[in-house]
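The structure appears below as structure tokens.
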Amino acid sequence: MVFRNRILLLTVLFVVFSSCKEQKQTEIEEETSFQMYNLSPMAALMEQMYGQMAHAKEVIEQGSEQIDLGEFPVMHNELLTTELTDPRDRDFFFTDQAEKFLILERKLYASSKETIVEDYNAVVNSCLACHIKKCGGPIPRIKKLFIR
Ligand code: HEC
């Protein structure tokens, strides 16, 4: 029992400190429920953003006459303040990218049928622009969000 607890603890530490690494992908699949609980506030916000984009993609691809994504998710403004796994990640580059991201995301939520695919893909590109420098692991997942 003691032995088992130690294994669990090691797994948690591994997951928390490697949230931007490639290996994380498999860890996530195996331990989703356990692991979500241990995400940093920023990682949890990112997962929420991912879900929001996946939902937007679905709505856009249905291509109905009235495309309604709902309200701009104001909680995404917390990108500018939420705690990161590694606080050093919040540098000039991060803040600059986060501000650009939020501008594009607001544009998406104000978009119309004619421009929505373009505006949506611009947001995905903006996710990638930050991730290429800040957090490589989720890039393959983020690329799946593109509407081709
Ligand atoms: C301004 C930079 C920036 C932007 C923009 C950004 N990310 Fe992130 N993302 C990060 C950083 C840094 C982390 C690591 C967070 C941590 O571990 O605290 C992260 C983590 C993640 C994770 C992994 C969370 C986990 O389970 O550990 C996913 C998935 C993710 N981002 C998806 C997205 C998506 C989708 C978008 C666009 C809708 C996006 N990100 C926009 C910087 C960014």
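Within each chain, counting starts at residue 1; across the structure tokens, chains are named A, B, ... in the order shown, with ligands numbered 1 upward in that order.
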Find the spatial neighbours of range 87-97 of chain A, counting only C-alpha atoms, within a cut-off of 8 Å - ignore same-chain residues fewer than 6 positions away - and output them as a PDB file with N, CA and C atoms, in the first residue's frame.
```
ATOM      1  N   LEU A  80      -4.232  36.338 -19.064  1.00  0.00           N
ATOM      2  CA  LEU A  80      -3.270  37.393 -18.714  1.00  0.00           C
ATOM      3  C   LEU A  80      -2.836  37.352 -17.250  1.00  0.00           C
ATOM      4  N   SER A 126      -3.005  31.374 -33.782  1.00  0.00           N
ATOM      5  CA  SER A 126      -2.536  32.163 -32.657  1.00  0.00           C
ATOM      6  C   SER A 126      -2.199  31.262 -31.458  1.00  0.00           C
ATOM      7  N   ALA A 129       1.204  29.943 -32.443  1.00  0.00           N
ATOM      8  CA  ALA A 129       2.282  30.932 -32.380  1.00  0.00           C
ATOM      9  C   ALA A 129       2.879  30.981 -30.989  1.00  0.00           C
ATOM     10  N   CYS A 130       2.059  30.888 -29.973  1.00  0.00           N
ATOM     11  CA  CYS A 130       2.573  30.891 -28.603  1.00  0.00           C
ATOM     12  C   CYS A 130       3.188  29.530 -28.273  1.00  0.00           C
ATOM     13  N   LYS A 134       6.528  28.268 -26.436  1.00  0.00           N
ATOM     14  CA  LYS A 134       6.292  28.120 -25.000  1.00  0.00           C
ATOM     15  C   LYS A 134       5.970  26.720 -24.534  1.00  0.00           C
TER      16      LYS A 134
END
```
Counting only C-alpha atoms and all ligand atoms, which residues of chain A fall within 7 Å of ligand 1, and what is the closest atom pair for each with its distance in Å at one decimal, ordered by chain and rising number, as CSV?
```
residue,atom,partner,partner_atom_place_in_ligand_line,distance
A:Ser19,CA,ligand 1,27 (O),4.4
A:Cys20,CA,ligand 1,14 (C),5.8
A:Leu39,CA,ligand 1,27 (O),6.2
A:Ser40,CA,ligand 1,18 (O),5.1
A:Pro41,CA,ligand 1,18 (O),6.6
A:Met42,CA,ligand 1,18 (O),4.4
A:Ala43,CA,ligand 1,24 (C),4.0
A:Ala44,CA,ligand 1,24 (C),6.3
A:Met46,CA,ligand 1,31 (N),4.5
A:Glu47,CA,ligand 1,29 (C),5.1
A:Met49,CA,ligand 1,38 (C),5.1
A:Tyr50,CA,ligand 1,35 (C),3.9
A:Met53,CA,ligand 1,38 (C),6.1
A:Glu83,CA,ligand 1,18 (O),6.7
A:Leu84,CA,ligand 1,18 (O),3.5
A:Thr85,CA,ligand 1,18 (O),3.7
A:Asp86,CA,ligand 1,18 (O),6.2
A:Asp89,CA,ligand 1,12 (C),5.9
A:Phe94,CA,ligand 1,1 (C),4.5
A:Thr95,CA,ligand 1,1 (C),6.0
A:Gln97,CA,ligand 1,1 (C),4.5
A:Ala98,CA,ligand 1,1 (C),3.8
A:Phe101,CA,ligand 1,5 (C),5.2
A:Val123,CA,ligand 1,38 (C),6.4
A:Val124,CA,ligand 1,37 (C),5.7
A:Ser126,CA,ligand 1,5 (C),5.8
A:Cys127,CA,ligand 1,41 (C),3.7
A:Leu128,CA,ligand 1,41 (C),6.8
A:Cys130,CA,ligand 1,2 (C),4.2
A:His131,CA,ligand 1,42 (C),5.4
A:Lys134,CA,ligand 1,12 (C),5.2
A:Cys135,CA,ligand 1,11 (C),5.3
A:Pro138,CA,ligand 1,29 (C),5.2
A:Arg141,CA,ligand 1,29 (C),6.9
A:Ile142,CA,ligand 1,35 (C),5.3
```
Test item: residues at most 12 Å from Glu114 in chain A, only C-alpha atoms, excluding those fewer than 3 positions along its chain, as a PyMOL selection string: chain A and resi 60+63+65-67+108+110-111+117-120
Straight-line distance linking CA of Ile139 in chain A with CA of Leu79 in chain A, stated in Å to one decimal: 18.0 Å
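For the choices A:Gly51, A:Leu104, A:Asn77, A:Gln62, the atom-to-atom distance to Asn121 in chain A is smallest for A:Leu104 when using only C-alpha atoms.
Atom pair CA of Leu145 in chain A / CA of Glu78 in chain A: separated by 21.7 Å.
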Could you please write out, as a ChimeraX atom specification, every residue of range 36-141 of chain A that DSSP assigns to helix (DSSP H, G or I)? /A:36,41-62,74-80,87-89,92-109,116-134,139-141
